[in-house]
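**Q** My structure is stored as start18.cif, with mmCIF, N, CA and C atoms and all ligand atoms.
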data_work
loop_
_atom_site.label_atom_id
_atom_site.label_comp_id
_atom_site.auth_asym_id
_atom_site.auth_seq_id
_atom_site.Cartn_x
_atom_site.Cartn_y
_atom_site.Cartn_z
N MET A 1 100.52 78.00 121.87
CA MET A 1 99.78 78.27 120.63
C MET A 1 100.34 77.40 119.51
N LYS A 2 99.46 76.88 118.69
CA LYS A 2 99.92 76.07 117.55
C LYS A 2 100.69 76.97 116.57
N PRO A 3 101.69 76.40 115.90
CA PRO A 3 102.54 77.22 115.00
C PRO A 3 101.72 78.02 113.99
N TYR A 4 100.70 77.39 113.39
CA TYR A 4 99.96 78.14 112.35
C TYR A 4 99.19 79.31 112.95
N LEU A 5 98.77 79.14 114.22
CA LEU A 5 98.07 80.26 114.87
C LEU A 5 99.03 81.41 115.15
N THR A 6 100.25 81.08 115.54
CA THR A 6 101.27 82.10 115.78
C THR A 6 101.53 82.89 114.49
N ALA A 7 101.64 82.16 113.39
CA ALA A 7 101.87 82.79 112.09
C ALA A 7 100.70 83.70 111.72
N LEU A 8 99.51 83.20 111.98
CA LEU A 8 98.30 83.97 111.67
C LEU A 8 98.27 85.26 112.50
N ALA A 9 98.59 85.14 113.79
CA ALA A 9 98.60 86.31 114.69
C ALA A 9 99.61 87.34 114.19
N ALA A 10 100.80 86.88 113.78
CA ALA A 10 101.84 87.78 113.29
C ALA A 10 101.35 88.51 112.04
N LEU A 11 100.67 87.77 111.19
CA LEU A 11 100.14 88.34 109.95
C LEU A 11 99.11 89.43 110.26
N LEU A 12 98.23 89.13 111.20
CA LEU A 12 97.19 90.10 111.57
C LEU A 12 97.81 91.36 112.16
N ILE A 13 98.80 91.17 113.03
CA ILE A 13 99.45 92.32 113.68
C ILE A 13 100.13 93.20 112.63
N SER A 14 100.86 92.58 111.69
CA SER A 14 101.57 93.37 110.68
C SER A 14 100.55 94.06 109.77
N GLY A 15 99.42 93.40 109.51
CA GLY A 15 98.36 93.99 108.69
C GLY A 15 97.82 95.26 109.34
N VAL A 16 97.61 95.20 110.63
CA VAL A 16 97.09 96.34 111.38
C VAL A 16 98.10 97.49 111.36
N ALA A 17 99.37 97.15 111.55
CA ALA A 17 100.43 98.17 111.57
C ALA A 17 100.45 98.92 110.24
N HIS A 18 100.31 98.18 109.13
CA HIS A 18 100.34 98.82 107.82
C HIS A 18 99.13 99.72 107.60
N ALA A 19 97.97 99.29 108.07
CA ALA A 19 96.75 100.07 107.86
C ALA A 19 96.84 101.43 108.55
N ALA A 20 97.69 101.53 109.57
CA ALA A 20 97.77 102.76 110.36
C ALA A 20 98.89 103.69 109.91
N ASP A 21 99.47 103.46 108.73
CA ASP A 21 100.57 104.31 108.27
C ASP A 21 100.08 105.72 108.00
N VAL A 22 100.49 106.64 108.84
CA VAL A 22 100.09 108.04 108.68
C VAL A 22 101.31 108.86 108.28
N ILE A 23 101.18 109.66 107.25
CA ILE A 23 102.28 110.53 106.83
C ILE A 23 101.76 111.97 106.72
N ASP A 24 102.51 112.89 107.28
CA ASP A 24 102.21 114.31 107.13
C ASP A 24 102.92 114.80 105.88
N VAL A 25 102.18 115.48 105.00
CA VAL A 25 102.81 116.03 103.80
C VAL A 25 102.64 117.54 103.79
N HIS A 26 103.77 118.24 103.73
CA HIS A 26 103.78 119.70 103.68
C HIS A 26 104.07 120.12 102.24
N ARG A 27 103.28 121.06 101.74
CA ARG A 27 103.43 121.46 100.35
C ARG A 27 102.98 122.90 100.15
N ASP A 28 103.37 123.41 98.98
CA ASP A 28 102.93 124.72 98.53
C ASP A 28 101.49 124.61 98.01
N ALA A 29 100.72 125.68 98.12
CA ALA A 29 99.31 125.64 97.71
C ALA A 29 99.12 125.24 96.25
N ASN A 30 99.98 125.74 95.36
CA ASN A 30 99.76 125.53 93.93
C ASN A 30 100.59 124.41 93.32
N CYS A 31 101.08 123.49 94.15
CA CYS A 31 101.96 122.42 93.67
C CYS A 31 101.14 121.24 93.18
N GLY A 32 101.01 121.11 91.86
CA GLY A 32 100.23 120.01 91.28
C GLY A 32 100.89 118.66 91.45
N CYS A 33 102.23 118.61 91.25
CA CYS A 33 102.90 117.31 91.36
C CYS A 33 102.91 116.82 92.80
N CYS A 34 102.85 117.75 93.76
CA CYS A 34 102.75 117.36 95.17
C CYS A 34 101.44 116.63 95.42
N LYS A 35 100.37 117.17 94.83
CA LYS A 35 99.05 116.54 94.99
C LYS A 35 99.04 115.16 94.34
N ASP A 36 99.72 115.05 93.20
CA ASP A 36 99.77 113.75 92.52
C ASP A 36 100.54 112.72 93.35
N TRP A 37 101.56 113.17 94.06
CA TRP A 37 102.31 112.26 94.94
C TRP A 37 101.43 111.82 96.11
N ILE A 38 100.64 112.74 96.64
CA ILE A 38 99.70 112.40 97.73
C ILE A 38 98.71 111.34 97.26
N LYS A 39 98.20 111.51 96.03
CA LYS A 39 97.26 110.51 95.48
C LYS A 39 97.93 109.13 95.37
N TYR A 40 99.18 109.15 94.96
CA TYR A 40 99.96 107.90 94.83
C TYR A 40 100.11 107.22 96.20
N LEU A 41 100.41 108.01 97.23
CA LEU A 41 100.54 107.44 98.59
C LEU A 41 99.21 106.85 99.04
N GLU A 42 98.13 107.59 98.81
CA GLU A 42 96.81 107.10 99.25
C GLU A 42 96.43 105.82 98.52
N ALA A 43 96.78 105.75 97.24
CA ALA A 43 96.50 104.53 96.46
C ALA A 43 97.30 103.35 97.00
N ASN A 44 98.38 103.64 97.73
CA ASN A 44 99.21 102.59 98.30
C ASN A 44 98.96 102.39 99.80
N GLY A 45 97.82 102.87 100.28
CA GLY A 45 97.38 102.54 101.63
C GLY A 45 97.83 103.49 102.73
N PHE A 46 98.47 104.60 102.38
CA PHE A 46 98.86 105.57 103.41
C PHE A 46 97.71 106.50 103.73
N GLU A 47 97.66 106.92 104.99
CA GLU A 47 96.73 107.97 105.38
C GLU A 47 97.54 109.26 105.37
N VAL A 48 97.15 110.21 104.50
CA VAL A 48 97.93 111.44 104.31
C VAL A 48 97.27 112.60 105.03
N ARG A 49 98.04 113.28 105.85
CA ARG A 49 97.58 114.55 106.43
C ARG A 49 98.25 115.67 105.64
N ASP A 50 97.43 116.39 104.90
CA ASP A 50 97.89 117.38 103.92
C ASP A 50 98.02 118.75 104.59
N HIS A 51 99.21 119.35 104.52
CA HIS A 51 99.42 120.67 105.11
C HIS A 51 99.87 121.66 104.05
N VAL A 52 99.08 122.69 103.80
CA VAL A 52 99.47 123.74 102.85
C VAL A 52 100.30 124.76 103.63
N GLU A 53 101.50 125.04 103.11
CA GLU A 53 102.46 125.88 103.83
C GLU A 53 102.79 127.15 103.06
N ALA A 54 103.07 128.22 103.78
CA ALA A 54 103.49 129.47 103.16
C ALA A 54 105.00 129.52 102.97
N ASN A 55 105.73 128.81 103.82
CA ASN A 55 107.20 128.87 103.79
C ASN A 55 107.80 127.47 103.83
N MET A 56 107.99 126.91 102.63
CA MET A 56 108.49 125.53 102.56
C MET A 56 109.94 125.41 103.01
N SER A 57 110.75 126.46 102.82
CA SER A 57 112.15 126.30 103.23
C SER A 57 112.26 126.19 104.75
N ALA A 58 111.37 126.89 105.47
CA ALA A 58 111.35 126.75 106.93
C ALA A 58 110.92 125.34 107.34
N VAL A 59 109.94 124.80 106.60
CA VAL A 59 109.48 123.43 106.88
C VAL A 59 110.62 122.44 106.70
N LYS A 60 111.35 122.60 105.58
CA LYS A 60 112.45 121.67 105.28
C LYS A 60 113.54 121.74 106.34
N GLN A 61 113.83 122.95 106.77
CA GLN A 61 114.85 123.13 107.79
C GLN A 61 114.43 122.43 109.09
N ARG A 62 113.18 122.62 109.47
CA ARG A 62 112.65 122.01 110.69
C ARG A 62 112.69 120.48 110.59
N ALA A 63 112.39 119.96 109.40
CA ALA A 63 112.35 118.50 109.22
C ALA A 63 113.75 117.89 109.11
N GLY A 64 114.78 118.74 108.94
CA GLY A 64 116.14 118.22 108.85
C GLY A 64 116.57 117.84 107.45
N VAL A 65 115.90 118.39 106.43
CA VAL A 65 116.25 118.09 105.04
C VAL A 65 117.50 118.89 104.66
N ALA A 66 118.57 118.23 104.31
CA ALA A 66 119.77 118.93 103.84
C ALA A 66 119.44 119.63 102.53
N PRO A 67 119.84 120.91 102.36
CA PRO A 67 119.48 121.66 101.14
C PRO A 67 119.83 120.94 99.84
N ARG A 68 120.93 120.19 99.82
CA ARG A 68 121.33 119.48 98.59
C ARG A 68 120.33 118.38 98.21
N LEU A 69 119.47 117.97 99.15
CA LEU A 69 118.51 116.90 98.89
C LEU A 69 117.11 117.43 98.58
N GLY A 70 116.99 118.75 98.46
CA GLY A 70 115.68 119.39 98.36
C GLY A 70 114.89 119.06 97.10
N SER A 71 113.57 119.05 97.27
CA SER A 71 112.63 118.89 96.15
C SER A 71 111.43 119.79 96.42
N CYS A 72 110.24 119.38 96.01
CA CYS A 72 109.06 120.23 96.22
C CYS A 72 108.46 120.01 97.61
N HIS A 73 107.67 118.95 97.79
CA HIS A 73 107.00 118.70 99.08
C HIS A 73 107.92 117.99 100.08
N THR A 74 107.54 118.08 101.34
CA THR A 74 108.27 117.39 102.41
C THR A 74 107.29 116.57 103.24
N GLY A 75 107.50 115.26 103.26
CA GLY A 75 106.68 114.38 104.11
C GLY A 75 107.40 114.10 105.42
N VAL A 76 106.62 113.76 106.44
CA VAL A 76 107.21 113.32 107.71
C VAL A 76 106.45 112.09 108.18
N ILE A 77 107.22 110.99 108.40
CA ILE A 77 106.62 109.76 108.90
C ILE A 77 107.51 109.19 109.99
N ASP A 78 106.92 108.80 111.09
CA ASP A 78 107.66 108.26 112.24
C ASP A 78 108.80 109.21 112.66
N GLY A 79 108.59 110.52 112.51
CA GLY A 79 109.61 111.49 112.89
C GLY A 79 110.75 111.63 111.90
N LYS A 80 110.65 110.97 110.74
CA LYS A 80 111.70 111.05 109.71
C LYS A 80 111.15 111.75 108.48
N PHE A 81 112.03 112.42 107.73
CA PHE A 81 111.53 113.13 106.55
C PHE A 81 111.51 112.25 105.30
N VAL A 82 110.57 112.58 104.42
CA VAL A 82 110.46 111.95 103.11
C VAL A 82 110.37 113.10 102.11
N GLU A 83 111.50 113.42 101.48
CA GLU A 83 111.61 114.63 100.66
C GLU A 83 111.43 114.32 99.18
N GLY A 84 110.43 114.95 98.56
CA GLY A 84 110.25 114.81 97.12
C GLY A 84 109.47 113.57 96.72
N HIS A 85 109.64 113.17 95.44
CA HIS A 85 108.82 112.12 94.83
C HIS A 85 109.35 110.73 95.14
N VAL A 86 109.37 110.40 96.42
CA VAL A 86 109.95 109.13 96.89
C VAL A 86 108.98 107.97 96.65
N PRO A 87 109.45 106.86 96.07
CA PRO A 87 108.60 105.69 95.87
C PRO A 87 108.29 104.98 97.20
N VAL A 88 107.16 104.30 97.25
CA VAL A 88 106.71 103.61 98.47
C VAL A 88 107.73 102.60 98.99
N ALA A 89 108.38 101.87 98.09
CA ALA A 89 109.36 100.86 98.52
C ALA A 89 110.44 101.50 99.39
N ALA A 90 110.84 102.71 99.04
CA ALA A 90 111.89 103.39 99.80
C ALA A 90 111.36 103.92 101.13
N ILE A 91 110.08 104.29 101.17
CA ILE A 91 109.48 104.73 102.45
C ILE A 91 109.42 103.54 103.40
N ARG A 92 109.05 102.38 102.87
CA ARG A 92 109.01 101.16 103.69
C ARG A 92 110.40 100.84 104.25
N GLU A 93 111.41 101.00 103.42
CA GLU A 93 112.78 100.72 103.87
C GLU A 93 113.18 101.71 104.97
N LEU A 94 112.83 102.99 104.76
CA LEU A 94 113.13 104.02 105.76
C LEU A 94 112.53 103.66 107.11
N GLN A 95 111.29 103.16 107.10
CA GLN A 95 110.60 102.82 108.35
C GLN A 95 111.31 101.71 109.11
N GLN A 96 112.06 100.88 108.37
CA GLN A 96 112.74 99.75 109.01
C GLN A 96 114.18 100.06 109.40
N ARG A 97 114.66 101.24 109.06
CA ARG A 97 116.08 101.54 109.34
C ARG A 97 116.21 102.62 110.41
N ASP A 98 116.90 102.24 111.49
CA ASP A 98 117.11 103.17 112.60
C ASP A 98 118.26 104.13 112.32
N ASP A 99 119.10 103.81 111.32
CA ASP A 99 120.28 104.63 111.06
C ASP A 99 119.97 105.86 110.21
N LEU A 100 118.74 105.95 109.66
CA LEU A 100 118.42 107.04 108.74
C LEU A 100 117.52 108.10 109.37
N ALA A 101 117.84 109.35 109.09
CA ALA A 101 117.01 110.48 109.54
C ALA A 101 115.93 110.80 108.51
N GLY A 102 116.16 110.35 107.27
CA GLY A 102 115.18 110.62 106.22
C GLY A 102 115.62 110.05 104.89
N VAL A 103 114.74 110.22 103.91
CA VAL A 103 115.01 109.73 102.56
C VAL A 103 114.56 110.81 101.57
N ALA A 104 115.27 110.90 100.44
CA ALA A 104 114.96 111.96 99.48
C ALA A 104 115.14 111.50 98.04
N VAL A 105 114.33 112.10 97.17
CA VAL A 105 114.59 112.08 95.73
C VAL A 105 114.81 113.55 95.36
N PRO A 106 116.06 113.97 95.29
CA PRO A 106 116.35 115.38 94.99
C PRO A 106 115.82 115.78 93.61
N GLY A 107 115.41 117.04 93.49
CA GLY A 107 114.87 117.52 92.22
C GLY A 107 113.50 116.89 91.97
N MET A 108 113.14 116.78 90.72
CA MET A 108 111.86 116.17 90.38
C MET A 108 112.02 115.32 89.13
N PRO A 109 112.61 114.11 89.27
CA PRO A 109 112.90 113.29 88.08
C PRO A 109 111.64 112.89 87.32
N ALA A 110 111.72 112.96 85.99
CA ALA A 110 110.60 112.55 85.14
C ALA A 110 110.28 111.08 85.35
N GLY A 111 109.00 110.79 85.60
CA GLY A 111 108.56 109.40 85.74
C GLY A 111 108.54 108.91 87.18
N SER A 112 109.10 109.70 88.12
CA SER A 112 109.02 109.30 89.53
C SER A 112 107.57 109.45 89.99
N PRO A 113 107.18 108.79 91.08
CA PRO A 113 105.77 108.83 91.49
C PRO A 113 105.24 110.26 91.65
N GLY A 114 104.15 110.57 90.94
CA GLY A 114 103.58 111.92 90.95
C GLY A 114 104.17 112.80 89.85
N MET A 115 105.16 112.27 89.14
CA MET A 115 105.83 113.03 88.06
C MET A 115 105.71 112.29 86.73
N ASP A 116 104.63 111.50 86.61
CA ASP A 116 104.47 110.70 85.40
C ASP A 116 103.44 111.36 84.49
N TYR A 117 103.93 112.09 83.50
CA TYR A 117 103.03 112.78 82.57
C TYR A 117 103.18 112.21 81.16
N GLY A 118 103.61 110.96 81.07
CA GLY A 118 103.74 110.30 79.78
C GLY A 118 105.04 110.63 79.06
N GLN A 119 105.89 111.46 79.68
CA GLN A 119 107.17 111.79 79.06
C GLN A 119 108.17 110.65 79.31
N PRO A 120 109.28 110.62 78.56
CA PRO A 120 110.26 109.55 78.81
C PRO A 120 110.72 109.58 80.29
N HIS A 121 110.77 108.41 80.90
CA HIS A 121 111.18 108.32 82.30
C HIS A 121 112.69 108.39 82.41
N GLU A 122 113.15 109.09 83.43
CA GLU A 122 114.59 109.09 83.66
C GLU A 122 114.92 108.26 84.89
N ARG A 123 116.08 107.62 84.85
CA ARG A 123 116.55 106.82 85.97
C ARG A 123 117.04 107.78 87.05
N TYR A 124 116.71 107.50 88.30
CA TYR A 124 117.10 108.40 89.39
C TYR A 124 117.50 107.60 90.62
N GLN A 125 118.16 108.28 91.55
CA GLN A 125 118.61 107.63 92.78
C GLN A 125 117.78 108.10 93.96
N VAL A 126 117.49 107.16 94.86
CA VAL A 126 116.88 107.48 96.14
C VAL A 126 118.02 107.56 97.16
N ILE A 127 118.08 108.71 97.85
CA ILE A 127 119.19 108.97 98.77
C ILE A 127 118.68 108.98 100.21
N GLY A 128 119.35 108.22 101.05
CA GLY A 128 119.06 108.26 102.49
C GLY A 128 120.04 109.19 103.17
N LEU A 129 119.57 109.88 104.21
CA LEU A 129 120.46 110.73 105.01
C LEU A 129 120.64 110.07 106.37
N THR A 130 121.88 109.74 106.71
CA THR A 130 122.10 109.06 107.99
C THR A 130 121.96 110.05 109.14
N GLU A 131 121.79 109.52 110.33
CA GLU A 131 121.71 110.36 111.53
C GLU A 131 122.97 111.20 111.68
N GLN A 132 124.09 110.71 111.11
CA GLN A 132 125.36 111.44 111.18
C GLN A 132 125.50 112.48 110.07
N GLY A 133 124.49 112.56 109.17
CA GLY A 133 124.51 113.59 108.14
C GLY A 133 125.18 113.18 106.84
N ARG A 134 125.34 111.87 106.64
CA ARG A 134 125.98 111.36 105.43
C ARG A 134 124.91 110.86 104.45
N ASP A 135 125.15 111.10 103.14
CA ASP A 135 124.24 110.59 102.11
C ASP A 135 124.57 109.13 101.79
N VAL A 136 123.55 108.30 101.70
CA VAL A 136 123.76 106.93 101.23
C VAL A 136 122.76 106.64 100.11
N VAL A 137 123.26 106.00 99.05
CA VAL A 137 122.37 105.64 97.94
C VAL A 137 121.56 104.42 98.35
N MET A 138 120.25 104.57 98.37
CA MET A 138 119.38 103.44 98.75
C MET A 138 118.99 102.61 97.54
N GLY A 139 119.12 103.19 96.35
CA GLY A 139 118.81 102.42 95.16
C GLY A 139 118.59 103.30 93.95
N ASP A 140 118.68 102.66 92.79
CA ASP A 140 118.36 103.30 91.52
C ASP A 140 116.94 102.92 91.16
N TYR A 141 116.18 103.89 90.67
CA TYR A 141 114.78 103.65 90.35
C TYR A 141 114.45 104.13 88.95
N LEU A 142 113.45 103.50 88.37
CA LEU A 142 112.86 103.95 87.11
C LEU A 142 111.34 103.90 87.33
N GLY A 143 110.65 105.01 87.15
CA GLY A 143 109.24 105.04 87.53
C GLY A 143 109.13 104.88 89.03
N SER A 144 108.27 103.95 89.49
CA SER A 144 108.16 103.74 90.94
C SER A 144 108.85 102.46 91.38
N GLN A 145 109.61 101.84 90.47
CA GLN A 145 110.22 100.54 90.78
C GLN A 145 111.75 100.61 90.80
N PRO A 146 112.36 99.81 91.72
CA PRO A 146 113.82 99.75 91.73
C PRO A 146 114.36 99.12 90.45
N VAL A 147 115.52 99.57 90.01
CA VAL A 147 116.18 98.98 88.84
C VAL A 147 117.17 97.95 89.37
N ARG A 148 117.07 96.72 88.89
CA ARG A 148 117.95 95.67 89.41
C ARG A 148 118.95 95.23 88.36
CU CU B 1 107.16 117.77 92.58
#
Starting from the file, lay out its structure as structure tokens.
**A**
Amino acid sequence: MKPYLTALAALLISGVAHAADVIDVHRDANCGCCKDWIKYLEANGFEVRDHVEANMSAVKQRAGVAPRLGSCHTGVIDGKFVEGHVPVAAIRELQQRDDLAGVAVPGMPAGSPGMDYGQPHERYQVIGLTEQGRDVVMGDYLGSQPVR
């Protein structure tokens, strides 16, 4: 195959892989910010399967979310958890890392995706949980963007 065709094929394959990103989101029935996070994911090309739950703490336990990392909704993608108002860039990183069991934005920081109500944004950390149960800082964020 000519080099440019190989590049084109790779591009098409990665395009297809992205189009098929499916995430399960578990949430409480009356959680408005959870719905806003779902809208944010959909606007970024994710296919969201929305699950209304009666017992979120049971869901979090099943998904392997350490209590110290807890927030409102719990997402699951590729068998890994996505806890709270996690930005898309961090979900993409999670998908590429075999060492992580999940990623979290603990609490509900002002200005994080789905938590933007025009109030002053606070800087927050995205935390990864390793398969060994250790927290690692994946980055500092403001709004939905990493702070560099
Ligand atoms: Cu929330």
**Q** Would you give me, as a JSON list (two decimals) with N, CA and C atoms, keeping the file's coordinate frame, the residues in chain A that DSSP reads as alpha helix (DSSP H)?
**A**
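Okay, result.json is ready:
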[["chain", "number", "residue", "atom", "x", "y", "z"],
["A", 3, "PRO", "N", 101.69, 76.40, 115.90],
["A", 3, "PRO", "CA", 102.54, 77.22, 115.00],
["A", 3, "PRO", "C", 101.72, 78.02, 113.99],
["A", 4, "TYR", "N", 100.70, 77.39, 113.39],
["A", 4, "TYR", "CA", 99.96, 78.14, 112.35],
["A", 4, "TYR", "C", 99.19, 79.31, 112.95],
["A", 5, "LEU", "N", 98.77, 79.14, 114.22],
["A", 5, "LEU", "CA", 98.07, 80.26, 114.87],
["A", 5, "LEU", "C", 99.03, 81.41, 115.15],
["A", 6, "THR", "N", 100.25, 81.08, 115.54],
["A", 6, "THR", "CA", 101.27, 82.10, 115.78],
["A", 6, "THR", "C", 101.53, 82.89, 114.49],
["A", 7, "ALA", "N", 101.64, 82.16, 113.39],
["A", 7, "ALA", "CA", 101.87, 82.79, 112.09],
["A", 7, "ALA", "C", 100.70, 83.70, 111.72],
["A", 8, "LEU", "N", 99.51, 83.20, 111.98],
["A", 8, "LEU", "CA", 98.30, 83.97, 111.67],
["A", 8, "LEU", "C", 98.27, 85.26, 112.50],
["A", 9, "ALA", "N", 98.59, 85.14, 113.79],
["A", 9, "ALA", "CA", 98.60, 86.31, 114.69],
["A", 9, "ALA", "C", 99.61, 87.34, 114.19],
["A", 10, "ALA", "N", 100.80, 86.88, 113.78],
["A", 10, "ALA", "CA", 101.84, 87.78, 113.29],
["A", 10, "ALA", "C", 101.35, 88.51, 112.04],
["A", 11, "LEU", "N", 100.67, 87.77, 111.19],
["A", 11, "LEU", "CA", 100.14, 88.34, 109.95],
["A", 11, "LEU", "C", 99.11, 89.43, 110.26],
["A", 12, "LEU", "N", 98.23, 89.13, 111.20],
["A", 12, "LEU", "CA", 97.19, 90.10, 111.57],
["A", 12, "LEU", "C", 97.81, 91.36, 112.16],
["A", 13, "ILE", "N", 98.80, 91.17, 113.03],
["A", 13, "ILE", "CA", 99.45, 92.32, 113.68],
["A", 13, "ILE", "C", 100.13, 93.20, 112.63],
["A", 14, "SER", "N", 100.86, 92.58, 111.69],
["A", 14, "SER", "CA", 101.57, 93.37, 110.68],
["A", 14, "SER", "C", 100.55, 94.06, 109.77],
["A", 15, "GLY", "N", 99.42, 93.40, 109.51],
["A", 15, "GLY", "CA", 98.36, 93.99, 108.69],
["A", 15, "GLY", "C", 97.82, 95.26, 109.34],
["A", 16, "VAL", "N", 97.61, 95.20, 110.63],
["A", 16, "VAL", "CA", 97.09, 96.34, 111.38],
["A", 16, "VAL", "C", 98.10, 97.49, 111.36],
["A", 17, "ALA", "N", 99.37, 97.15, 111.55],
["A", 17, "ALA", "CA", 100.43, 98.17, 111.57],
["A", 17, "ALA", "C", 100.45, 98.92, 110.24],
["A", 18, "HIS", "N", 100.31, 98.18, 109.13],
["A", 18, "HIS", "CA", 100.34, 98.82, 107.82],
["A", 18, "HIS", "C", 99.13, 99.72, 107.60],
["A", 19, "ALA", "N", 97.97, 99.29, 108.07],
["A", 19, "ALA", "CA", 96.75, 100.07, 107.86],
["A", 19, "ALA", "C", 96.84, 101.43, 108.55],
["A", 32, "GLY", "N", 101.01, 121.11, 91.86],
["A", 32, "GLY", "CA", 100.23, 120.01, 91.28],
["A", 32, "GLY", "C", 100.89, 118.66, 91.45],
["A", 33, "CYS", "N", 102.23, 118.61, 91.25],
["A", 33, "CYS", "CA", 102.90, 117.31, 91.36],
["A", 33, "CYS", "C", 102.91, 116.82, 92.80],
["A", 34, "CYS", "N", 102.85, 117.75, 93.76],
["A", 34, "CYS", "CA", 102.75, 117.36, 95.17],
["A", 34, "CYS", "C", 101.44, 116.63, 95.42],
["A", 35, "LYS", "N", 100.37, 117.17, 94.83],
["A", 35, "LYS", "CA", 99.05, 116.54, 94.99],
["A", 35, "LYS", "C", 99.04, 115.16, 94.34],
["A", 36, "ASP", "N", 99.72, 115.05, 93.20],
["A", 36, "ASP", "CA", 99.77, 113.75, 92.52],
["A", 36, "ASP", "C", 100.54, 112.72, 93.35],
["A", 37, "TRP", "N", 101.56, 113.17, 94.06],
["A", 37, "TRP", "CA", 102.31, 112.26, 94.94],
["A", 37, "TRP", "C", 101.43, 111.82, 96.11],
["A", 38, "ILE", "N", 100.64, 112.74, 96.64],
["A", 38, "ILE", "CA", 99.70, 112.40, 97.73],
["A", 38, "ILE", "C", 98.71, 111.34, 97.26],
["A", 39, "LYS", "N", 98.20, 111.51, 96.03],
["A", 39, "LYS", "CA", 97.26, 110.51, 95.48],
["A", 39, "LYS", "C", 97.93, 109.13, 95.37],
["A", 40, "TYR", "N", 99.18, 109.15, 94.96],
["A", 40, "TYR", "CA", 99.96, 107.90, 94.83],
["A", 40, "TYR", "C", 100.11, 107.22, 96.20],
["A", 41, "LEU", "N", 100.41, 108.01, 97.23],
["A", 41, "LEU", "CA", 100.54, 107.44, 98.59],
["A", 41, "LEU", "C", 99.21, 106.85, 99.04],
["A", 42, "GLU", "N", 98.13, 107.59, 98.81],
["A", 42, "GLU", "CA", 96.81, 107.10, 99.25],
["A", 42, "GLU", "C", 96.43, 105.82, 98.52],
["A", 43, "ALA", "N", 96.78, 105.75, 97.24],
["A", 43, "ALA", "CA", 96.50, 104.53, 96.46],
["A", 43, "ALA", "C", 97.30, 103.35, 97.00],
["A", 56, "MET", "N", 107.99, 126.91, 102.63],
["A", 56, "MET", "CA", 108.49, 125.53, 102.56],
["A", 56, "MET", "C", 109.94, 125.41, 103.01],
["A", 57, "SER", "N", 110.75, 126.46, 102.82],
["A", 57, "SER", "CA", 112.15, 126.30, 103.23],
["A", 57, "SER", "C", 112.26, 126.19, 104.75],
["A", 58, "ALA", "N", 111.37, 126.89, 105.47],
["A", 58, "ALA", "CA", 111.35, 126.75, 106.93],
["A", 58, "ALA", "C", 110.92, 125.34, 107.34],
["A", 59, "VAL", "N", 109.94, 124.80, 106.60],
["A", 59, "VAL", "CA", 109.48, 123.43, 106.88],
["A", 59, "VAL", "C", 110.62, 122.44, 106.70],
["A", 60, "LYS", "N", 111.35, 122.60, 105.58],
["A", 60, "LYS", "CA", 112.45, 121.67, 105.28],
["A", 60, "LYS", "C", 113.54, 121.74, 106.34],
["A", 61, "GLN", "N", 113.83, 122.95, 106.77],
["A", 61, "GLN", "CA", 114.85, 123.13, 107.79],
["A", 61, "GLN", "C", 114.43, 122.43, 109.09],
["A", 62, "ARG", "N", 113.18, 122.62, 109.47],
["A", 62, "ARG", "CA", 112.65, 122.01, 110.69],
["A", 62, "ARG", "C", 112.69, 120.48, 110.59],
["A", 63, "ALA", "N", 112.39, 119.96, 109.40],
["A", 63, "ALA", "CA", 112.35, 118.50, 109.22],
["A", 63, "ALA", "C", 113.75, 117.89, 109.11],
["A", 88, "VAL", "N", 107.16, 104.30, 97.25],
["A", 88, "VAL", "CA", 106.71, 103.61, 98.47],
["A", 88, "VAL", "C", 107.73, 102.60, 98.99],
["A", 89, "ALA", "N", 108.38, 101.87, 98.09],
["A", 89, "ALA", "CA", 109.36, 100.86, 98.52],
["A", 89, "ALA", "C", 110.44, 101.50, 99.39],
["A", 90, "ALA", "N", 110.84, 102.71, 99.04],
["A", 90, "ALA", "CA", 111.89, 103.39, 99.80],
["A", 90, "ALA", "C", 111.36, 103.92, 101.13],
["A", 91, "ILE", "N", 110.08, 104.29, 101.17],
["A", 91, "ILE", "CA", 109.48, 104.73, 102.45],
["A", 91, "ILE", "C", 109.42, 103.54, 103.40],
["A", 92, "ARG", "N", 109.05, 102.38, 102.87],
["A", 92, "ARG", "CA", 109.01, 101.16, 103.69],
["A", 92, "ARG", "C", 110.40, 100.84, 104.25],
["A", 93, "GLU", "N", 111.41, 101.00, 103.42],
["A", 93, "GLU", "CA", 112.78, 100.72, 103.87],
["A", 93, "GLU", "C", 113.18, 101.71, 104.97],
["A", 94, "LEU", "N", 112.83, 102.99, 104.76],
["A", 94, "LEU", "CA", 113.13, 104.02, 105.76],
["A", 94, "LEU", "C", 112.53, 103.66, 107.11],
["A", 95, "GLN", "N", 111.29, 103.16, 107.10],
["A", 95, "GLN", "CA", 110.60, 102.82, 108.35],
["A", 95, "GLN", "C", 111.31, 101.71, 109.11],
["A", 96, "GLN", "N", 112.06, 100.88, 108.37],
["A", 96, "GLN", "CA", 112.74, 99.75, 109.01],
["A", 96, "GLN", "C", 114.18, 100.06, 109.40]]
**Q** Which residues of chain A come within 5 Å of ligand CU 1 (chain B), and what is each one's closest atom pair and distance in Å (one decimal), counting only N, CA and C atoms and all ligand atoms, sorted by chain and residue number, as a Markdown table?
**A**
| residue | atom | partner | partner_atom | distance |
| --- | --- | --- | --- | --- |
| A:Cys33 | C | B:CU1 | CU | 4.4 |
| A:Cys34 | N | B:CU1 | CU | 4.5 |
| A:Cys72 | CA | B:CU1 | CU | 4.8 |
**Q** Leaving out Val103 of chain A and any residue of its chain fewer than 3 positions from it, which residues lie within 12 Å of it when counting only C-alpha atoms, given as an NGL selection string?
**A** :A and (63-66 or 69-71 or 74-77 or 79-95 or 97 or 99-100 or 106 or 125-131 or 133-139)
**Q** Do you have the atom C of Val22 of chain A-atom C of Tyr117 of chain A distance handy?
**A**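 Separating atom C of Val22 of chain A from atom C of Tyr117 of chain A is a distance of 27.4 Å.
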**Q** Can you measure atom CA of Glu47 of chain A to atom CA of Arg123 of chain A for me? One decimal in Å is fine.
**A**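 Separation between atom CA of Glu47 of chain A and atom CA of Arg123 of chain A: 27.8 Å.
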**Q** Separation of atom CA of Ser144 of chain A and atom N of Asn55 of chain A, in Å?
**A**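 Between these atoms lies a distance of 28.3 Å.
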